[in-house]
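Working notes for the structure below.
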Amino acid sequence: RPPRHGGLACPVGEERRSCNMQACDAPCELGEWTAWGKCSRTCSFGAEASEGRQSQVKAIVEPGAGKCPAADAKERFRDQTCNERPCSENSTCTGEQDIILLLDGSDIANFDAQLQLALGIVSGSSAAMRFGVVAYGSKPMVLSSLSDSRSKLQEALASAKAPGGDPDLAAGEAVVRSLILATGFGPGRAGPRTVVLLTDGAPTDFAGAHKVALELRAEGVRLLVGLVGSSLKQNACSLVGEPCDVNVELARKWEELSTQPLRFLAALCDELIAPPSPPPSEVDRIQR
(Lines give C-alpha, C1' and ligand atoms only; values in the text may rest on other atoms or scores of the structure.)
Protein backbone atom coordinates (compact mmCIF):
# COMPACT_ATOMS: atom_id res chain seq x y z
CA ARG A 1 0.00 0.00 0.00
CA PRO A 2 1.19 3.62 -0.46
CA PRO A 3 3.35 5.26 2.25
CA ARG A 4 1.79 7.69 4.76
CA HIS A 5 2.99 10.58 6.90
CA GLY A 6 5.89 11.33 4.54
CA GLY A 7 7.38 7.85 4.84
CA LEU A 8 9.17 5.92 2.12
CA ALA A 9 7.60 3.14 0.08
CA CYS A 10 8.24 -0.35 1.41
CA PRO A 11 10.47 -2.56 -0.73
CA VAL A 12 8.76 -5.01 -3.03
CA GLY A 13 8.19 -8.30 -1.18
CA GLU A 14 7.77 -10.43 -4.32
CA GLU A 15 9.77 -10.89 -7.52
CA ARG A 16 8.61 -12.64 -10.64
CA ARG A 17 10.46 -14.04 -13.61
CA SER A 18 9.59 -16.24 -16.58
CA CYS A 19 10.41 -19.95 -16.45
CA ASN A 20 9.82 -23.17 -18.41
CA MET A 21 9.44 -21.24 -21.63
CA GLN A 22 10.05 -24.33 -23.81
CA ALA A 23 7.12 -25.78 -25.69
CA CYS A 24 5.14 -28.45 -23.88
CA ASP A 25 5.12 -30.51 -27.06
CA ALA A 26 8.81 -30.15 -27.93
CA PRO A 27 10.02 -32.63 -30.60
CA CYS A 28 12.33 -35.47 -29.68
CA GLU A 29 16.09 -35.04 -29.86
CA LEU A 30 18.08 -37.42 -32.06
CA GLY A 31 21.65 -38.58 -31.53
CA GLU A 32 24.42 -38.99 -34.09
CA TRP A 33 24.40 -41.53 -36.90
CA THR A 34 25.67 -44.96 -35.85
CA ALA A 35 28.41 -46.73 -37.79
CA TRP A 36 27.27 -48.67 -40.85
CA GLY A 37 25.89 -52.06 -39.83
CA LYS A 38 26.79 -55.51 -41.11
CA CYS A 39 26.06 -56.20 -44.77
CA SER A 40 23.14 -58.57 -45.31
CA ARG A 41 24.97 -60.50 -48.07
CA THR A 42 28.55 -61.74 -48.23
CA CYS A 43 28.64 -61.30 -52.01
CA SER A 44 26.32 -60.73 -54.96
CA PHE A 45 24.67 -63.78 -56.52
CA GLY A 46 23.12 -61.88 -59.42
CA ALA A 47 20.07 -59.88 -60.48
CA GLU A 48 17.61 -62.58 -59.38
CA ALA A 49 18.87 -62.60 -55.77
CA SER A 50 18.36 -60.04 -53.02
CA GLU A 51 21.14 -57.46 -53.01
CA GLY A 52 23.34 -56.80 -50.01
CA ARG A 53 22.19 -53.89 -47.84
CA GLN A 54 23.65 -52.21 -44.78
CA SER A 55 22.12 -49.45 -42.68
CA GLN A 56 22.78 -46.86 -40.02
CA VAL A 57 20.33 -45.20 -37.64
CA LYS A 58 19.91 -42.32 -35.24
CA ALA A 59 18.70 -43.17 -31.75
CA ILE A 60 16.37 -40.96 -29.70
CA VAL A 61 18.33 -39.32 -26.85
CA GLU A 62 15.48 -37.10 -25.57
CA PRO A 63 11.96 -38.44 -26.15
CA GLY A 64 10.04 -35.15 -25.93
CA ALA A 65 6.25 -34.89 -25.98
CA GLY A 66 5.96 -33.61 -29.53
CA LYS A 67 6.67 -35.02 -32.95
CA CYS A 68 9.39 -37.58 -33.53
CA PRO A 69 10.37 -39.19 -36.84
CA ALA A 70 9.42 -42.84 -37.29
CA ALA A 71 12.19 -45.42 -37.00
CA ASP A 72 12.28 -45.83 -40.79
CA ALA A 73 12.04 -42.11 -41.62
CA LYS A 74 14.91 -40.59 -43.60
CA GLU A 75 15.86 -38.46 -40.59
CA ARG A 76 16.59 -41.62 -38.56
CA PHE A 77 17.32 -44.42 -41.05
CA ARG A 78 19.37 -44.77 -44.21
CA ASP A 79 20.85 -47.72 -46.06
CA GLN A 80 23.04 -48.52 -49.02
CA THR A 81 24.10 -51.43 -51.17
CA CYS A 82 27.21 -53.36 -50.14
CA ASN A 83 29.36 -56.36 -51.07
CA GLU A 84 28.50 -56.09 -54.76
CA ARG A 85 31.36 -58.32 -55.90
CA PRO A 86 30.12 -61.57 -57.53
CA CYS A 87 30.07 -64.75 -55.46
CA SER A 88 32.71 -67.32 -56.42
CA GLU A 89 31.44 -70.74 -57.43
CA ASN A 90 32.13 -73.65 -55.05
CA SER A 91 32.82 -71.28 -52.14
CA THR A 92 32.63 -72.60 -48.58
CA CYS A 93 30.51 -70.92 -45.92
CA THR A 94 32.48 -70.37 -42.72
CA GLY A 95 31.43 -69.30 -39.25
CA GLU A 96 29.93 -70.92 -36.19
CA GLN A 97 26.14 -70.95 -36.35
CA ASP A 98 23.10 -73.20 -36.10
CA ILE A 99 20.63 -73.51 -38.98
CA ILE A 100 17.38 -75.42 -39.32
CA LEU A 101 16.03 -76.00 -42.82
CA LEU A 102 12.21 -76.08 -42.95
CA LEU A 103 11.08 -77.68 -46.22
CA ASP A 104 7.63 -77.68 -47.83
CA GLY A 105 6.74 -81.35 -48.21
CA SER A 106 3.12 -80.76 -49.24
CA ASP A 107 1.50 -82.14 -52.39
CA ILE A 108 1.83 -78.81 -54.22
CA ALA A 109 5.59 -78.36 -53.71
CA ASN A 110 8.59 -79.88 -55.47
CA PHE A 111 10.19 -81.69 -52.56
CA ASP A 112 13.09 -83.11 -54.58
CA ALA A 113 14.19 -79.61 -55.64
CA GLN A 114 14.22 -78.53 -51.99
CA LEU A 115 16.25 -81.58 -50.98
CA GLN A 116 18.81 -80.69 -53.63
CA LEU A 117 18.96 -77.13 -52.30
CA ALA A 118 19.37 -78.39 -48.73
CA LEU A 119 22.14 -80.76 -49.81
CA GLY A 120 23.92 -77.89 -51.58
CA ILE A 121 23.70 -75.64 -48.50
CA VAL A 122 24.98 -78.36 -46.16
CA SER A 123 27.77 -79.45 -48.54
CA GLY A 124 28.88 -75.85 -49.03
CA SER A 125 29.29 -75.15 -45.31
CA SER A 126 32.19 -75.68 -42.95
CA ALA A 127 32.12 -78.29 -40.18
CA ALA A 128 31.58 -75.57 -37.56
CA MET A 129 28.02 -75.09 -38.80
CA ARG A 130 25.27 -77.34 -37.42
CA PHE A 131 22.10 -78.17 -39.35
CA GLY A 132 18.70 -79.62 -38.59
CA VAL A 133 16.03 -80.46 -41.20
CA VAL A 134 12.24 -80.48 -40.81
CA ALA A 135 9.57 -81.05 -43.49
CA TYR A 136 5.97 -79.90 -43.21
CA GLY A 137 2.80 -81.01 -44.99
CA SER A 138 -0.41 -82.23 -43.40
CA LYS A 139 1.90 -83.42 -40.61
CA PRO A 140 5.44 -82.20 -39.85
CA MET A 141 8.41 -84.57 -39.84
CA VAL A 142 11.88 -84.20 -38.32
CA LEU A 143 14.27 -85.44 -40.99
CA SER A 144 17.38 -84.66 -38.93
CA SER A 145 17.93 -83.19 -35.50
CA LEU A 146 20.65 -80.58 -35.10
CA SER A 147 23.98 -82.14 -36.15
CA ASP A 148 27.43 -81.22 -37.44
CA SER A 149 27.92 -84.65 -39.03
CA ARG A 150 27.85 -84.14 -42.78
CA SER A 151 27.50 -87.87 -43.46
CA LYS A 152 24.41 -88.15 -41.22
CA LEU A 153 22.84 -85.04 -42.73
CA GLN A 154 23.49 -86.20 -46.28
CA GLU A 155 22.09 -89.66 -45.47
CA ALA A 156 18.97 -88.09 -43.94
CA LEU A 157 18.41 -85.93 -47.01
CA ALA A 158 19.02 -88.82 -49.41
CA SER A 159 16.38 -91.00 -47.70
CA ALA A 160 13.83 -88.25 -46.95
CA LYS A 161 10.19 -88.70 -47.98
CA ALA A 162 7.72 -85.84 -48.29
CA PRO A 163 4.91 -85.92 -45.69
CA GLY A 164 2.37 -84.89 -48.36
CA GLY A 165 -1.02 -83.30 -47.85
CA ASP A 166 -1.68 -79.59 -47.38
CA PRO A 167 1.10 -77.14 -46.39
CA ASP A 168 0.56 -76.67 -42.64
CA LEU A 169 3.46 -74.30 -42.08
CA ALA A 170 2.34 -73.40 -38.56
CA ALA A 171 2.72 -77.02 -37.44
CA GLY A 172 6.14 -77.20 -39.09
CA GLU A 173 7.30 -74.04 -37.32
CA ALA A 174 6.00 -75.40 -34.01
CA VAL A 175 8.15 -78.53 -34.45
CA VAL A 176 11.15 -76.33 -35.29
CA ARG A 177 10.56 -74.35 -32.11
CA SER A 178 10.33 -77.55 -30.06
CA LEU A 179 13.52 -78.81 -31.68
CA ILE A 180 15.27 -75.57 -30.78
CA LEU A 181 14.19 -75.82 -27.14
CA ALA A 182 15.06 -79.53 -26.91
CA THR A 183 18.51 -79.47 -28.50
CA GLY A 184 20.04 -76.29 -27.12
CA PHE A 185 19.92 -74.51 -30.47
CA GLY A 186 22.48 -71.74 -30.24
CA PRO A 187 23.21 -71.30 -26.49
CA GLY A 188 26.92 -71.44 -25.74
CA ARG A 189 27.77 -70.82 -29.38
CA ALA A 190 28.95 -67.48 -30.68
CA GLY A 191 27.16 -67.58 -34.02
CA PRO A 192 23.60 -66.65 -34.98
CA ARG A 193 20.55 -68.88 -35.05
CA THR A 194 18.62 -69.10 -38.31
CA VAL A 195 15.64 -70.96 -39.73
CA VAL A 196 15.59 -71.21 -43.53
CA LEU A 197 11.92 -71.54 -44.43
CA LEU A 198 10.81 -72.60 -47.92
CA THR A 199 7.24 -71.77 -48.99
CA ASP A 200 5.01 -70.47 -51.77
CA GLY A 201 3.52 -68.00 -49.29
CA ALA A 202 0.11 -69.69 -49.08
CA PRO A 203 0.09 -72.14 -46.13
CA THR A 204 -3.21 -73.52 -44.85
CA ASP A 205 -3.06 -71.57 -41.56
CA PHE A 206 -1.21 -68.34 -42.23
CA ALA A 207 -2.38 -66.68 -39.00
CA GLY A 208 -0.96 -69.59 -37.01
CA ALA A 209 2.27 -69.52 -39.02
CA HIS A 210 2.63 -65.80 -38.36
CA LYS A 211 2.09 -66.32 -34.61
CA VAL A 212 4.84 -68.95 -34.34
CA ALA A 213 7.15 -66.83 -36.51
CA LEU A 214 6.75 -63.96 -34.05
CA GLU A 215 7.60 -66.31 -31.17
CA LEU A 216 10.75 -67.53 -32.93
CA ARG A 217 11.87 -63.98 -33.67
CA ALA A 218 11.20 -62.96 -30.07
CA GLU A 219 13.63 -65.70 -29.02
CA GLY A 220 16.37 -64.22 -31.21
CA VAL A 221 15.95 -66.58 -34.17
CA ARG A 222 16.37 -65.12 -37.65
CA LEU A 223 13.94 -66.29 -40.32
CA LEU A 224 15.22 -66.43 -43.90
CA VAL A 225 12.44 -67.26 -46.37
CA GLY A 226 12.90 -68.83 -49.79
CA LEU A 227 9.67 -67.76 -51.52
CA VAL A 228 8.50 -69.41 -54.73
CA GLY A 229 6.53 -66.84 -56.74
CA SER A 230 6.28 -63.16 -55.86
CA SER A 231 2.52 -62.61 -55.64
CA LEU A 232 2.46 -63.34 -51.90
CA LYS A 233 5.67 -61.58 -50.93
CA GLN A 234 3.80 -59.53 -48.32
CA ASN A 235 3.00 -62.75 -46.46
CA ALA A 236 6.69 -63.66 -46.41
CA CYS A 237 7.57 -60.15 -45.22
CA SER A 238 5.19 -60.44 -42.28
CA LEU A 239 6.86 -63.72 -41.28
CA VAL A 240 10.43 -62.38 -41.31
CA GLY A 241 9.79 -58.79 -40.16
CA GLU A 242 11.66 -55.70 -41.30
CA PRO A 243 13.79 -55.18 -43.24
CA CYS A 244 11.98 -57.65 -45.46
CA ASP A 245 14.21 -57.69 -48.52
CA VAL A 246 17.32 -58.85 -46.67
CA ASN A 247 15.45 -61.89 -45.30
CA VAL A 248 13.50 -63.02 -48.37
CA GLU A 249 14.93 -64.75 -51.45
CA LEU A 250 12.51 -64.95 -54.40
CA ALA A 251 12.45 -67.80 -56.91
CA ARG A 252 10.20 -68.13 -59.96
CA LYS A 253 9.65 -71.87 -59.46
CA TRP A 254 10.67 -74.69 -57.13
CA GLU A 255 13.13 -76.15 -59.65
CA GLU A 256 15.10 -72.89 -59.61
CA LEU A 257 16.00 -73.46 -55.96
CA SER A 258 17.84 -76.73 -56.54
CA THR A 259 20.58 -75.02 -58.56
CA GLN A 260 21.08 -71.97 -56.33
CA PRO A 261 22.40 -72.93 -52.88
CA LEU A 262 25.04 -70.20 -53.21
CA ARG A 263 22.45 -67.41 -53.02
CA PHE A 264 21.34 -68.75 -49.63
CA LEU A 265 24.91 -69.25 -48.44
CA ALA A 266 25.61 -65.59 -49.31
CA ALA A 267 22.70 -64.62 -47.05
CA LEU A 268 23.70 -66.97 -44.21
CA CYS A 269 27.47 -66.65 -43.99
CA ASP A 270 29.80 -64.12 -42.46
CA GLU A 271 32.42 -65.20 -44.98
CA LEU A 272 32.49 -67.29 -48.14
CA ILE A 273 35.91 -68.77 -48.84
CA ALA A 274 36.56 -69.20 -52.55
CA PRO A 275 38.48 -72.32 -53.62
CA PRO A 276 42.17 -71.75 -54.36
CA SER A 277 42.99 -70.86 -57.93
CA PRO A 278 44.62 -73.72 -59.87
CA PRO A 279 48.32 -73.25 -60.64
CA PRO A 280 49.00 -71.91 -64.14
CA SER A 281 49.60 -74.52 -66.80
CA GLU A 282 52.81 -74.75 -68.82
CA VAL A 283 51.03 -73.11 -71.78
CA ASP A 284 49.96 -70.20 -69.56
CA ARG A 285 53.57 -69.73 -68.40
CA ILE A 286 54.86 -69.64 -71.98
CA GLN A 287 52.18 -67.17 -73.07
CA ARG A 288 53.05 -64.88 -70.18
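Labels for the C-alpha coordinates follow display order: chains A, B, ..., residues from 1 in each chain, ligands from 1.
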So that each row is one residue of segment 87-179 of chain A with an atom at most 10 Å from segment 259-267 of chain A, can you give its shortest atom pair and the distance in Å to one decimal, using only C-alpha atoms, rows by chain and rising number, as CSV?
```
residue,atom,partner,partner_atom,distance
A:Cys87,CA,A:Ala266,CA,7.6
A:Ser88,CA,A:Leu262,CA,8.8
A:Glu89,CA,A:Leu262,CA,7.7
A:Asn90,CA,A:Leu262,CA,8.1
A:Ser91,CA,A:Leu262,CA,7.9
A:Thr92,CA,A:Leu265,CA,8.4
A:Cys93,CA,A:Leu265,CA,6.4
A:Thr94,CA,A:Leu265,CA,9.6
A:Ala113,CA,A:Thr259,CA,8.4
A:Gln114,CA,A:Thr259,CA,9.8
A:Gln116,CA,A:Thr259,CA,7.7
A:Leu117,CA,A:Pro261,CA,5.5
A:Ala118,CA,A:Pro261,CA,7.5
A:Leu119,CA,A:Pro261,CA,8.4
A:Gly120,CA,A:Pro261,CA,5.4
A:Ile121,CA,A:Pro261,CA,5.3
A:Val122,CA,A:Pro261,CA,9.0
A:Ser123,CA,A:Pro261,CA,9.5
A:Gly124,CA,A:Leu265,CA,7.7
A:Ser125,CA,A:Leu265,CA,8.0
```
Polymer residues at most 7 Å from Lys253 of chain A, only C-alpha atoms, same-chain spacing of 3 or more positions, as a list in words: Val228, Gly229 and Glu256 of chain A
Can I get the selection written as a PDB file, in the first residue's frame, with all heavy atoms?
```pdb
ATOM      1  N   VAL A 228       8.737 -69.056 -53.341  1.00  0.00           N
ATOM      2  CA  VAL A 228       8.501 -69.414 -54.735  1.00  0.00           C
ATOM      3  C   VAL A 228       7.309 -68.617 -55.246  1.00  0.00           C
ATOM      4  O   VAL A 228       6.196 -68.750 -54.736  1.00  0.00           O
ATOM      5  CB  VAL A 228       8.255 -70.921 -54.880  1.00  0.00           C
ATOM      6  CG1 VAL A 228       7.902 -71.269 -56.327  1.00  0.00           C
ATOM      7  CG2 VAL A 228       9.480 -71.702 -54.436  1.00  0.00           C
ATOM      8  N   GLY A 229       7.553 -67.761 -56.259  1.00  0.00           N
ATOM      9  CA  GLY A 229       6.532 -66.845 -56.744  1.00  0.00           C
ATOM     10  C   GLY A 229       6.556 -65.568 -55.923  1.00  0.00           C
ATOM     11  O   GLY A 229       6.911 -65.581 -54.744  1.00  0.00           O
ATOM     12  N   GLU A 256      14.032 -73.892 -59.621  1.00  0.00           N
ATOM     13  CA  GLU A 256      15.104 -72.894 -59.607  1.00  0.00           C
ATOM     14  C   GLU A 256      15.942 -72.988 -58.342  1.00  0.00           C
ATOM     15  O   GLU A 256      17.139 -72.715 -58.351  1.00  0.00           O
ATOM     16  CB  GLU A 256      14.482 -71.509 -59.741  1.00  0.00           C
ATOM     17  CG  GLU A 256      15.455 -70.366 -59.892  1.00  0.00           C
ATOM     18  CD  GLU A 256      14.739 -69.044 -60.064  1.00  0.00           C
ATOM     19  OE1 GLU A 256      13.946 -68.916 -61.017  1.00  0.00           O
ATOM     20  OE2 GLU A 256      14.965 -68.148 -59.230  1.00  0.00           O
TER      21      GLU A 256
END
```
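Separating atom CA of Gly220 of chain A from atom CA of Thr183 of chain A is a distance of 15.6 Å.
Minimum atom-to-atom distances from A:Leu272, A:Leu216, A:Arg130, A:Ala251 to Ala49 of chain A were compared using only C-alpha atoms, and the lowest value belongs to A:Ala251.
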Each residue of segment 38-88 of chain A lying at most 8 Å from segment 30-33 of chain A should get a row with its shortest atom-to-atom pair and the distance in Å to one decimal, counting only C-alpha atoms; could you produce that, ordered by chain and increasing number, as JSON lines?
```
{"residue": "A:Gln56", "atom": "CA", "partner": "A:Trp33", "partner_atom": "CA", "distance": 6.4}
{"residue": "A:Val57", "atom": "CA", "partner": "A:Trp33", "partner_atom": "CA", "distance": 5.5}
{"residue": "A:Lys58", "atom": "CA", "partner": "A:Trp33", "partner_atom": "CA", "distance": 4.9}
{"residue": "A:Ala59", "atom": "CA", "partner": "A:Gly31", "partner_atom": "CA", "distance": 5.5}
{"residue": "A:Ile60", "atom": "CA", "partner": "A:Leu30", "partner_atom": "CA", "distance": 4.6}
{"residue": "A:Val61", "atom": "CA", "partner": "A:Leu30", "partner_atom": "CA", "distance": 5.5}
{"residue": "A:Glu62", "atom": "CA", "partner": "A:Leu30", "partner_atom": "CA", "distance": 7.0}
{"residue": "A:Arg76", "atom": "CA", "partner": "A:Leu30", "partner_atom": "CA", "distance": 7.9}
```
Could you pull out the residues in segment 46-284 of chain A that DSSP calls alpha helix (DSSP H) from the backbone, as a count of residues only? 74
May I have a table of the residues of segment 123-154 of chain A lying at most 9 Å from segment 163-180 of chain A, giving each one's closest pair of atoms and their distance in Å to one decimal, counting only C-alpha atoms, ordered by chain and ascending residue number, as a Markdown table?
```
| residue | atom | partner | partner_atom | distance |
| --- | --- | --- | --- | --- |
| A:Gly132 | CA | A:Leu179 | CA | 8.7 |
| A:Val133 | CA | A:Val176 | CA | 8.7 |
| A:Val134 | CA | A:Val176 | CA | 7.0 |
| A:Ala135 | CA | A:Gly172 | CA | 6.8 |
| A:Tyr136 | CA | A:Gly172 | CA | 4.9 |
| A:Gly137 | CA | A:Pro167 | CA | 4.5 |
| A:Ser138 | CA | A:Gly165 | CA | 4.6 |
| A:Lys139 | CA | A:Pro163 | CA | 6.4 |
| A:Pro140 | CA | A:Gly172 | CA | 5.1 |
| A:Met141 | CA | A:Pro163 | CA | 7.0 |
| A:Val142 | CA | A:Val175 | CA | 7.8 |
| A:Ser145 | CA | A:Leu179 | CA | 7.3 |
| A:Leu146 | CA | A:Leu179 | CA | 8.1 |
```
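We find atom CA of Glu75 of chain A and atom CA of Pro27 of chain A to be spaced 13.0 Å apart.
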All residues 8 Å or closer to His210 of chain A, only C-alpha atoms, same chain fewer than 3 positions away omitted, as a PyMOL selection string: chain A and resi 170+206-207+213-214+238-239
Output file for the residues above (N, CA and C atoms, as a short mmCIF file (atom, residue, chain, number, x, y, z; two decimals), in the first residue's frame):
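File again.cif, as written:
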```cif
data_model
loop_
_atom_site.label_atom_id
_atom_site.label_comp_id
_atom_site.auth_asym_id
_atom_site.auth_seq_id
_atom_site.Cartn_x
_atom_site.Cartn_y
_atom_site.Cartn_z
N ALA A 170 2.38 -73.68 -40.00
CA ALA A 170 2.34 -73.40 -38.56
C ALA A 170 2.79 -74.62 -37.76
N PHE A 206 -2.22 -69.39 -42.24
CA PHE A 206 -1.21 -68.34 -42.23
C PHE A 206 -1.18 -67.60 -40.90
N ALA A 207 -2.34 -67.38 -40.29
CA ALA A 207 -2.38 -66.68 -39.00
C ALA A 207 -1.58 -67.44 -37.95
N ALA A 213 6.01 -67.60 -36.00
CA ALA A 213 7.15 -66.83 -36.51
C ALA A 213 7.51 -65.70 -35.55
N LEU A 214 6.50 -65.03 -35.02
CA LEU A 214 6.75 -63.96 -34.05
C LEU A 214 7.43 -64.51 -32.80
N SER A 238 5.76 -60.46 -43.64
CA SER A 238 5.19 -60.44 -42.28
C SER A 238 5.76 -61.56 -41.42
N LEU A 239 6.23 -62.64 -42.04
CA LEU A 239 6.86 -63.72 -41.28
C LEU A 239 8.24 -63.31 -40.79
#
```
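Proximity to Trp254 of chain A was assessed for A:Ala35, A:Ala218, A:Met129, A:Leu115 counting only C-alpha atoms; the smallest distance is recorded for A:Leu115.
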Enumerate, as number ranges by chain, the complete set of residues in segment 6-190 of chain A that a backbone-based DSSP assignment places in strand (DSSP E). A: 29-33, 53-62, 77-81, 92-94, 98-104, 130-136, 141-147
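Counting only C-alpha atoms, the residue from A:Ser149, A:Gln97, A:Ser50, A:Ser144 that sits nearest to Cys82 of chain A is A:Ser50.
Across the model, the gap from atom CA of Arg41 of chain A to atom CA of Asn247 of chain A is 10.0 Å.
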